[in-house]
>>> print(open('input_39.pdb').read())   # PDB, C-alpha atoms, pLDDT in the B column
ATOM      1  CA  MET A  91      96.981 105.833 102.382  1.00 90.00           C
ATOM      2  CA  ARG A  92     100.242 107.424 101.357  1.00 92.00           C
ATOM      3  CA  LEU A  93     102.081 107.428  98.051  1.00 94.00           C
ATOM      4  CA  SER A  94     105.068 105.828  99.793  1.00 92.00           C
ATOM      5  CA  ASP A  95     102.804 102.952 100.891  1.00 92.00           C
ATOM      6  CA  VAL A  96     101.670 102.381  97.305  1.00 94.00           C
ATOM      7  CA  MET A  97     105.219 102.542  95.954  1.00 91.00           C
ATOM      8  CA  GLU A  98     106.252  99.722  98.267  1.00 90.00           C
ATOM      9  CA  CYS A  99     103.536  97.484  96.878  1.00 93.00           C
ATOM     10  CA  GLU A 100     103.630  94.688  94.379  1.00 93.00           C
ATOM     11  CA  VAL A 101     100.810  94.306  91.879  1.00 93.00           C
ATOM     12  CA  HIS A 102      99.145  90.909  91.712  1.00 94.00           C
ATOM     13  CA  THR A 103      96.579  89.623  89.259  1.00 92.00           C
ATOM     14  CA  HIS A 104      93.249  88.430  90.597  1.00 90.00           C
ATOM     15  CA  ASP A 105      94.728  84.921  90.646  1.00 90.00           C
ATOM     16  CA  GLY A 106      97.647  86.016  92.801  1.00 89.00           C
ATOM     17  CA  VAL A 107     100.331  86.098  90.108  1.00 90.00           C
ATOM     18  CA  SER A 108     102.855  88.883  90.626  1.00 90.00           C
ATOM     19  CA  VAL A 109     103.032  91.459  87.827  1.00 90.00           C
ATOM     20  CA  GLY A 110     105.802  93.562  89.346  1.00 89.00           C
ATOM     21  CA  ALA A 111     106.592  96.269  91.846  1.00 91.00           C
ATOM     22  CA  VAL A 112     105.157  99.783  91.620  1.00 92.00           C
ATOM     23  CA  ARG A 113     107.831 102.175  90.324  1.00 89.00           C
ATOM     24  CA  ASP A 114     105.800 105.343  89.865  1.00 89.00           C
ATOM     25  CA  VAL A 115     102.233 106.598  89.865  1.00 93.00           C
ATOM     26  CA  ARG A 116     100.735 108.538  86.960  1.00 92.00           C
ATOM     27  CA  LEU A 117      98.471 111.383  88.056  1.00 94.00           C
ATOM     28  CA  VAL A 118      96.018 113.336  85.938  1.00 94.00           C
ATOM     29  CA  MET A 119      94.543 116.686  86.917  1.00 91.00           C
ATOM     30  CA  ASP A 120      91.062 116.142  85.546  1.00 88.00           C
ATOM     31  CA  GLY A 121      89.021 115.607  88.696  1.00 78.00           C
ATOM     32  CA  PRO A 122      86.345 117.906  90.070  1.00 79.00           C
ATOM     33  CA  MET A 123      87.321 121.456  90.965  1.00 77.00           C
ATOM     34  CA  GLY A 124      87.764 121.880  94.712  1.00 70.00           C
ATOM     35  CA  ALA A 125      88.262 124.982  96.797  1.00 64.00           C
ATOM     36  CA  GLY A 126      91.626 125.661  95.144  1.00 67.00           C
ATOM     37  CA  THR A 127      92.577 126.898  91.708  1.00 74.00           C
ATOM     38  CA  HIS A 128      93.079 123.570  89.972  1.00 80.00           C
ATOM     39  CA  ALA A 129      91.264 120.337  89.220  1.00 86.00           C
ATOM     40  CA  ALA A 130      91.581 117.429  91.619  1.00 89.00           C
ATOM     41  CA  MET A 131      94.555 115.166  90.955  1.00 92.00           C
ATOM     42  CA  ARG A 132      93.430 111.644  90.151  1.00 94.00           C
ATOM     43  CA  VAL A 133      95.578 108.506  90.283  1.00 95.00           C
ATOM     44  CA  ASP A 134      95.336 107.349  86.670  1.00 94.00           C
ATOM     45  CA  ALA A 135      97.806 104.483  86.428  1.00 93.00           C
ATOM     46  CA  LEU A 136     100.547 102.591  88.184  1.00 93.00           C
ATOM     47  CA  ILE A 137     103.903 102.211  86.442  1.00 89.00           C
ATOM     48  CA  VAL A 138     104.923  98.672  87.258  1.00 89.00           C
ATOM     49  CA  GLY A 139     108.036  96.603  86.668  1.00 81.00           C
ATOM     50  CA  GLY A 140     111.260  97.515  84.980  1.00 71.00           C
ATOM     51  CA  ARG A 141     113.911  99.477  86.818  1.00 67.00           C
ATOM     52  CA  ALA A 142     113.485 102.785  88.565  1.00 64.00           C
ATOM     53  CA  LEU A 143     116.665 104.401  87.230  1.00 66.00           C
ATOM     54  CA  GLY A 144     115.535 105.414  83.745  1.00 64.00           C
ATOM     55  CA  GLY A 145     112.220 106.665  85.039  1.00 65.00           C
ATOM     56  CA  ARG A 146     113.735 108.786  87.779  1.00 67.00           C
ATOM     57  CA  LEU A 147     116.160 110.348  85.283  1.00 71.00           C
ATOM     58  CA  GLY A 148     113.242 111.304  83.042  1.00 71.00           C
ATOM     59  CA  TYR A 149     114.132 109.112  80.074  1.00 69.00           C
ATOM     60  CA  LEU A 150     110.984 107.062  80.131  1.00 66.00           C
ATOM     61  CA  ARG A 151     108.263 109.516  81.162  1.00 65.00           C
ATOM     62  CA  GLY A 152     109.908 112.906  81.556  1.00 62.00           C
ATOM     63  CA  GLY A 153     110.527 113.766  77.920  1.00 69.00           C
ATOM     64  CA  VAL A 154     114.326 113.525  78.178  1.00 72.00           C
ATOM     65  CA  ARG A 155     115.681 112.538  74.744  1.00 74.00           C
ATOM     66  CA  GLY A 156     119.433 112.817  74.892  1.00 72.00           C
ATOM     67  CA  PRO A 157     122.251 112.049  74.746  1.00 80.00           C
ATOM     68  CA  TRP A 158     120.801 109.531  72.340  1.00 81.00           C
ATOM     69  CA  LEU A 159     123.056 106.675  73.399  1.00 84.00           C
ATOM     70  CA  VAL A 160     122.020 107.072  77.049  1.00 81.00           C
ATOM     71  CA  ALA A 161     118.383 107.334  75.969  1.00 78.00           C
ATOM     72  CA  VAL A 162     118.660 104.076  74.010  1.00 80.00           C
ATOM     73  CA  VAL A 163     120.216 102.298  76.985  1.00 80.00           C
ATOM     74  CA  MET A 164     117.631 103.645  79.407  1.00 76.00           C
ATOM     75  CA  ARG A 165     114.725 102.677  77.174  1.00 74.00           C
ATOM     76  CA  ARG A 166     116.152  99.190  76.877  1.00 78.00           C
ATOM     77  CA  ILE A 167     116.511  98.928  80.650  1.00 74.00           C
ATOM     78  CA  GLU A 168     112.923 100.091  81.088  1.00 71.00           C
ATOM     79  CA  ARG A 169     111.385  97.967  78.339  1.00 73.00           C
ATOM     80  CA  ARG A 170     109.712  95.676  80.865  1.00 74.00           C
ATOM     81  CA  ALA A 171     107.778  98.496  82.526  1.00 79.00           C
ATOM     82  CA  LEU A 172     104.043  98.721  81.938  1.00 85.00           C
ATOM     83  CA  ALA A 173     101.197 100.991  82.953  1.00 88.00           C
ATOM     84  CA  ILE A 174      98.259  99.480  84.765  1.00 91.00           C
ATOM     85  CA  SER A 175      95.091 101.520  85.026  1.00 93.00           C
ATOM     86  CA  ALA A 176      94.218 102.401  88.601  1.00 93.00           C
ATOM     87  CA  ALA A 177      90.613 101.528  87.748  1.00 92.00           C
ATOM     88  CA  ASP A 178      91.718  97.902  87.350  1.00 92.00           C
ATOM     89  CA  VAL A 179      92.943  97.711  90.942  1.00 93.00           C
ATOM     90  CA  ASP A 180      90.288  95.985  93.001  1.00 91.00           C
ATOM     91  CA  ASP A 181      92.014  95.843  96.372  1.00 91.00           C
ATOM     92  CA  TRP A 182      94.474  98.482  97.640  1.00 92.00           C
ATOM     93  CA  ASP A 183      95.924  96.376 100.464  1.00 92.00           C
ATOM     94  CA  VAL A 184      98.875  98.615 101.323  1.00 91.00           C
ATOM     95  CA  ASP A 185      99.206  97.049 104.782  1.00 91.00           C
ATOM     96  CA  ARG A 186     100.307  93.820 103.096  1.00 92.00           C
ATOM     97  CA  ASN A 187     102.101  95.655 100.282  1.00 92.00           C
ATOM     98  CA  VAL A 188      99.820  94.098  97.660  1.00 94.00           C
ATOM     99  CA  LEU A 189      97.571  95.723  95.065  1.00 94.00           C
ATOM    100  CA  ARG A 190      95.229  93.125  93.614  1.00 94.00           C
ATOM    101  CA  LEU A 191      93.731  93.538  90.153  1.00 92.00           C
ATOM    102  CA  SER A 192      90.111  92.793  89.388  1.00 89.00           C
ATOM    103  CA  ALA A 193      89.183  89.619  87.571  1.00 86.00           C
ATOM    104  CA  ALA A 194      88.058  91.691  84.592  1.00 83.00           C
ATOM    105  CA  ALA A 195      91.533  93.216  84.232  1.00 77.00           C
ATOM    106  CA  GLY A 196      93.076  89.862  83.293  1.00 71.00           C
ATOM    107  CA  THR A 197      96.826  89.678  82.974  1.00 72.00           C
ATOM    108  CA  PRO A 198      98.480  92.946  81.878  1.00 72.00           C
ATOM    109  CA  THR A 199     100.618  92.799  78.770  1.00 66.00           C
ATOM    110  CA  ARG A 200     103.784  94.723  78.106  1.00 60.00           C
ATOM    111  CA  GLY A 201     103.328  97.941  76.217  1.00 54.00           C
ATOM    112  CA  ASP A 202     104.283 101.578  76.164  1.00 50.00           C
ATOM    113  CA  PRO A 203     103.930 102.868  79.743  1.00 53.00           C
ATOM    114  CA  ASP A 204     103.545 106.400  78.404  1.00 54.00           C
ATOM    115  CA  SER A 205     100.323 105.532  76.651  1.00 49.00           C
TER     116      SER A 205
ATOM    117  CA  MET B 273      93.486 109.183  76.491  1.00 50.00           C
ATOM    118  CA  THR B 274      93.338 111.730  79.281  1.00 57.00           C
ATOM    119  CA  SER B 275      92.437 115.403  78.967  1.00 76.00           C
ATOM    120  CA  GLY B 276      94.027 116.905  82.080  1.00 85.00           C
ATOM    121  CA  ARG B 277      97.622 117.685  82.854  1.00 88.00           C
ATOM    122  CA  VAL B 278      99.655 114.504  83.428  1.00 90.00           C
ATOM    123  CA  LEU B 279     102.262 114.230  86.175  1.00 90.00           C
ATOM    124  CA  HIS B 280     104.280 111.293  87.438  1.00 89.00           C
ATOM    125  CA  ALA B 281     104.430 111.397  91.211  1.00 91.00           C
ATOM    126  CA  ALA B 282     107.986 110.212  91.770  1.00 88.00           C
ATOM    127  CA  LEU B 283     109.378 112.145  88.818  1.00 85.00           C
ATOM    128  CA  HIS B 284     107.441 115.411  88.963  1.00 89.00           C
ATOM    129  CA  LEU B 285     106.443 115.850  92.615  1.00 92.00           C
ATOM    130  CA  LEU B 286     108.507 113.996  95.207  1.00 92.00           C
ATOM    131  CA  ASP B 287     111.439 116.008  96.612  1.00 91.00           C
ATOM    132  CA  HIS B 288     110.389 119.155  94.770  1.00 93.00           C
ATOM    133  CA  GLN B 289     110.769 122.484  96.540  1.00 93.00           C
ATOM    134  CA  LEU B 290     107.857 124.108  98.365  1.00 92.00           C
ATOM    135  CA  ARG B 291     107.556 127.905  98.286  1.00 93.00           C
ATOM    136  CA  ASP B 292     105.129 129.831 100.482  1.00 91.00           C
ATOM    137  CA  ARG B 293     102.907 132.732  99.413  1.00 92.00           C
ATOM    138  CA  ASP B 294     105.646 135.241 100.309  1.00 92.00           C
ATOM    139  CA  GLY B 295     108.259 133.540  98.141  1.00 91.00           C
ATOM    140  CA  ARG B 296     110.050 131.863 101.041  1.00 89.00           C
ATOM    141  CA  LEU B 297     111.388 128.331 100.553  1.00 88.00           C
ATOM    142  CA  CYS B 298     109.710 126.110 103.139  1.00 86.00           C
ATOM    143  CA  GLY B 299     110.574 122.459 102.683  1.00 86.00           C
ATOM    144  CA  LYS B 300     110.171 119.703 100.136  1.00 90.00           C
ATOM    145  CA  VAL B 301     107.416 117.395  98.986  1.00 92.00           C
ATOM    146  CA  ASP B 302     108.144 114.330 101.139  1.00 91.00           C
ATOM    147  CA  ASP B 303     105.049 112.270 100.419  1.00 92.00           C
ATOM    148  CA  LEU B 304     101.478 112.475  99.124  1.00 94.00           C
ATOM    149  CA  GLU B 305      98.250 111.604 100.863  1.00 94.00           C
ATOM    150  CA  LEU B 306      95.956 109.467  98.703  1.00 95.00           C
ATOM    151  CA  THR B 307      92.256 109.022  99.405  1.00 94.00           C
ATOM    152  CA  ARG B 308      89.945 106.560  97.689  1.00 93.00           C
ATOM    153  CA  SER B 309      86.463 107.824  96.952  1.00 90.00           C
ATOM    154  CA  ALA B 310      83.865 105.664  98.660  1.00 88.00           C
ATOM    155  CA  ASP B 311      81.408 106.309  95.827  1.00 88.00           C
ATOM    156  CA  THR B 312      83.454 105.744  92.692  1.00 89.00           C
ATOM    157  CA  GLY B 313      86.567 103.957  93.959  1.00 89.00           C
ATOM    158  CA  THR B 314      88.719 106.583  92.259  1.00 93.00           C
ATOM    159  CA  VAL B 315      91.875 107.481  94.168  1.00 94.00           C
ATOM    160  CA  TYR B 316      92.714 111.176  94.485  1.00 95.00           C
ATOM    161  CA  VAL B 317      95.715 113.075  95.848  1.00 94.00           C
ATOM    162  CA  THR B 318      94.278 115.001  98.786  1.00 93.00           C
ATOM    163  CA  ALA B 319      97.379 116.546 100.358  1.00 93.00           C
ATOM    164  CA  ILE B 320     101.111 117.021 100.178  1.00 92.00           C
ATOM    165  CA  LEU B 321     102.927 115.665 103.230  1.00 90.00           C
ATOM    166  CA  SER B 322     106.013 117.539 104.331  1.00 87.00           C
ATOM    167  CA  GLY B 323     107.951 118.139 107.500  1.00 79.00           C
ATOM    168  CA  PRO B 324     109.991 116.305 110.130  1.00 75.00           C
ATOM    169  CA  GLY B 325     109.555 112.551 109.977  1.00 76.00           C
ATOM    170  CA  ARG B 326     107.743 112.427 106.645  1.00 79.00           C
ATOM    171  CA  LEU B 327     110.858 111.662 104.616  1.00 81.00           C
ATOM    172  CA  LEU B 328     112.018 109.070 107.162  1.00 79.00           C
ATOM    173  CA  TYR B 329     108.642 107.355 106.865  1.00 81.00           C
ATOM    174  CA  ARG B 330     108.967 107.293 103.079  1.00 83.00           C
ATOM    175  CA  LEU B 331     112.456 105.825 103.338  1.00 82.00           C
ATOM    176  CA  GLY B 332     111.207 102.977 105.516  1.00 79.00           C
ATOM    177  CA  ARG B 333     112.073 104.343 108.990  1.00 76.00           C
ATOM    178  CA  ARG B 334     108.418 104.411 109.971  1.00 76.00           C
ATOM    179  CA  ARG B 335     108.589 104.315 113.778  1.00 80.00           C
ATOM    180  CA  LEU B 336     111.362 106.906 113.937  1.00 76.00           C
ATOM    181  CA  GLY B 337     109.554 109.016 111.362  1.00 75.00           C
ATOM    182  CA  GLY B 338     106.304 108.859 113.285  1.00 74.00           C
ATOM    183  CA  TRP B 339     108.009 109.800 116.552  1.00 76.00           C
ATOM    184  CA  LEU B 340     109.886 112.712 114.980  1.00 72.00           C
ATOM    185  CA  GLN B 341     106.743 113.942 113.280  1.00 71.00           C
ATOM    186  CA  GLN B 342     104.737 113.954 116.508  1.00 71.00           C
ATOM    187  CA  THR B 343     107.512 115.407 118.641  1.00 70.00           C
ATOM    188  CA  ALA B 344     108.869 118.141 116.418  1.00 65.00           C
ATOM    189  CA  VAL B 345     105.669 119.264 114.769  1.00 60.00           C
ATOM    190  CA  ALA B 346     103.573 119.281 117.935  1.00 60.00           C
ATOM    191  CA  ALA B 347     106.245 121.247 119.774  1.00 59.00           C
ATOM    192  CA  GLU B 348     107.085 123.774 117.089  1.00 58.00           C
ATOM    193  CA  VAL B 349     103.964 124.377 115.010  1.00 55.00           C
ATOM    194  CA  PRO B 350     100.886 124.295 117.234  1.00 54.00           C
ATOM    195  CA  SER B 351      99.026 126.207 114.496  1.00 55.00           C
ATOM    196  CA  ASP B 352      99.345 123.240 112.132  1.00 54.00           C
ATOM    197  CA  PRO B 353      96.665 120.757 113.142  1.00 53.00           C
ATOM    198  CA  GLY B 354      97.458 118.623 110.121  1.00 54.00           C
ATOM    199  CA  GLU B 355     100.967 117.763 111.307  1.00 67.00           C
ATOM    200  CA  GLY B 356     102.656 118.404 108.024  1.00 78.00           C
ATOM    201  CA  ARG B 357      99.639 117.915 105.824  1.00 86.00           C
ATOM    202  CA  ILE B 358      99.169 120.584 103.146  1.00 90.00           C
ATOM    203  CA  PRO B 359      95.691 120.193 101.577  1.00 91.00           C
ATOM    204  CA  MET B 360      95.386 120.553  97.830  1.00 90.00           C
ATOM    205  CA  ASP B 361      93.355 123.755  98.149  1.00 89.00           C
ATOM    206  CA  GLN B 362      96.452 125.424  99.659  1.00 90.00           C
ATOM    207  CA  ILE B 363      98.525 124.708  96.553  1.00 91.00           C
ATOM    208  CA  ALA B 364      98.607 127.334  93.817  1.00 91.00           C
ATOM    209  CA  SER B 365     100.651 125.543  91.171  1.00 89.00           C
ATOM    210  CA  PHE B 366     102.796 122.512  90.450  1.00 90.00           C
ATOM    211  CA  GLY B 367     106.151 122.647  88.714  1.00 88.00           C
ATOM    212  CA  PRO B 368     109.832 122.490  89.566  1.00 89.00           C
ATOM    213  CA  ILE B 369     108.705 124.590  92.532  1.00 93.00           C
ATOM    214  CA  VAL B 370     105.366 123.856  94.195  1.00 93.00           C
ATOM    215  CA  GLN B 371     103.775 127.211  94.988  1.00 94.00           C
ATOM    216  CA  LEU B 372     101.610 127.415  98.131  1.00 92.00           C
ATOM    217  CA  THR B 373      98.948 129.936  99.105  1.00 91.00           C
ATOM    218  CA  VAL B 374      99.797 129.953 102.836  1.00 89.00           C
ATOM    219  CA  PRO B 375     102.710 131.450 104.811  1.00 88.00           C
ATOM    220  CA  ALA B 376     105.580 129.192 105.878  1.00 84.00           C
ATOM    221  CA  ASP B 377     104.995 129.907 109.575  1.00 79.00           C
ATOM    222  CA  GLN B 378     101.789 127.877 109.442  1.00 79.00           C
ATOM    223  CA  LEU B 379     103.488 124.819 107.994  1.00 78.00           C
ATOM    224  CA  ALA B 380     105.052 121.862 109.726  1.00 72.00           C
ATOM    225  CA  SER B 381     107.551 121.649 106.875  1.00 70.00           C
ATOM    226  CA  ASP B 382     109.288 124.566 108.596  1.00 69.00           C
ATOM    227  CA  ALA B 383     109.293 122.836 111.990  1.00 68.00           C
ATOM    228  CA  GLY B 384     112.712 121.262 111.545  1.00 68.00           C
ATOM    229  CA  GLU B 385     114.245 124.649 110.959  1.00 72.00           C
ATOM    230  CA  HIS B 386     112.424 126.092 113.967  1.00 72.00           C
ATOM    231  CA  TRP B 387     113.566 123.212 116.159  1.00 73.00           C
ATOM    232  CA  ALA B 388     117.221 123.547 115.073  1.00 76.00           C
ATOM    233  CA  ARG B 389     117.069 127.325 115.639  1.00 80.00           C
ATOM    234  CA  ASP B 390     115.618 127.079 119.140  1.00 80.00           C
ATOM    235  CA  HIS B 391     117.337 123.950 120.435  1.00 81.00           C
ATOM    236  CA  VAL B 392     120.732 123.948 118.706  1.00 84.00           C
ATOM    237  CA  ILE B 393     121.699 127.321 117.239  1.00 85.00           C
ATOM    238  CA  ALA B 394     120.378 129.298 120.216  1.00 85.00           C
ATOM    239  CA  HIS B 395     122.736 127.417 122.577  1.00 87.00           C
ATOM    240  CA  ILE B 396     125.831 128.343 120.583  1.00 87.00           C
ATOM    241  CA  PRO B 397     127.490 131.504 121.974  1.00 84.00           C
ATOM    242  CA  GLY B 398     126.383 134.396 119.785  1.00 78.00           C
ATOM    243  CA  GLY B 399     123.590 132.357 118.251  1.00 73.00           C
ATOM    244  CA  ARG B 400     120.712 134.352 119.722  1.00 71.00           C
ATOM    245  CA  HIS B 401     121.030 137.512 117.654  1.00 69.00           C
ATOM    246  CA  HIS B 402     120.237 138.097 114.007  1.00 66.00           C
ATOM    247  CA  ALA B 403     123.004 138.037 111.429  1.00 62.00           C
ATOM    248  CA  ALA B 404     124.266 141.404 110.197  1.00 59.00           C
ATOM    249  CA  GLU B 405     122.870 142.348 106.800  1.00 53.00           C
TER     250      GLU B 405
END
>>> encode(input="input_39.pdb", output="structure tokens")
Amino acid sequence: MRLSDVMECEVHTHDGVSVGAVRDVRLVMDGPMGAGTHAAMRVDALIVGGRALGGRLGYLRGGVRGPWLVAVVMRRIERRALAISAADVDDWDVDRNVLRLSAAAGTPTRGDPDS
Amino acid sequence: MTSGRVLHAALHLLDHQLRDRDGRLCGKVDDLELTRSADTGTVYVTAILSGPGRLLYRLGRRRLGGWLQQTAVAAEVPSDPGEGRIPMDQIASFGPIVQLTVPADQLASDAGEHWARDHVIAHIPGGRHHAAE
């Protein structure tokens, strides 16, 4: 499976309701140490929904704060984005461009995708 | 809350510069290989994908990307059995530049440059000798 496959996917709830398209993937370097010098990089969450522009410019997740007016606009554009834990994904069906959430995950609610 | 370093793949990794162990620039991060653990279900990044065809695949030109990857990499970098796959244990650090622990000659990410040198530049009159320093 490739990152580009995942980023073409749409996330569906267990009932088949679309949550949104994958815009980015949050990675955390806290996995087991391999043969290299760093911890394994784990897929922690999928950033879903919203628009890609603000995220790619670093306003949403990259720590970019200014100019303040642009930051306000970008945050408003991205307000519909949400982070879905990768642990909640039950089926990574990248061949059909669908990531299906587990029944236990329920329906994700909007929140701060940085959290 | 997570304890390790947090990166966003599209923002912090894709299209970032690769640099080999000798400081030579040797391509860009075109894609990432993800592998799901059979035991825990956790998905890990297991390799950086770089080289001819990888970017085309990411941009949706999958057949052309696959053909270019097989043709160019197989012809130019026989020492790279991974066809543009750089395992995580060959990566020293992540940042604006992704530092590798291997020389560029062993990487398929350099294959495009090799192909252009041998098949295009070499056929231009005067293109077979080194530039004056």
>>> interface_residues(input="input_39.pdb", of="chain B", to="chain A", cutoff="10 Å", atoms="all atoms listed in the file", output="PyMOL selection string")
chain B and resi 273-284+286+302-308+312-321+326-327+329-332+359-366+373
>>> closest_residue(input="input_39.pdb", among="B:Gly356, B:Gly338, B:Pro397, B:Pro375", to="Arg296 of chain B", atoms="only C-alpha atoms")
B:Pro375
>>> resolve_selection(input="input_39.pdb", expression="the PyMOL selection byres ((chain A and resi 195) around 10)", output="MDAnalysis selection string")
chainID A and resid 103:104 174:175 177:180 191:194 196:198
>>> atom_distance(input="input_39.pdb", atom1="atom CA of Ile369 of chain B", atom2="atom CA of Arg155 of chain A")
22.6 Å
>>> atom_distance(input="input_39.pdb", atom1="atom CA of Leu285 of chain B", atom2="atom CA of Gly323 of chain B")
15.1 Å
>>> resolve_selection(input="input_39.pdb", expression="the PyMOL selection byres ((chain B and resi 294) around 10)", output="NGL selection string")
:B and (291-293 or 295-297 or 371-376)
>>> write_last_selection(input="input_39.pdb", atoms="C-alpha atoms", output="short mmCIF file (atom, residue, chain, number, x, y, z; two decimals), in the coordinates of the input")
data_model
loop_
_atom_site.label_atom_id
_atom_site.label_comp_id
_atom_site.auth_asym_id
_atom_site.auth_seq_id
_atom_site.Cartn_x
_atom_site.Cartn_y
_atom_site.Cartn_z
CA ARG B 291 107.56 127.90 98.29
CA ASP B 292 105.13 129.83 100.48
CA ARG B 293 102.91 132.73 99.41
CA GLY B 295 108.26 133.54 98.14
CA ARG B 296 110.05 131.86 101.04
CA LEU B 297 111.39 128.33 100.55
CA GLN B 371 103.78 127.21 94.99
CA LEU B 372 101.61 127.42 98.13
CA THR B 373 98.95 129.94 99.10
CA VAL B 374 99.80 129.95 102.84
CA PRO B 375 102.71 131.45 104.81
CA ALA B 376 105.58 129.19 105.88
#
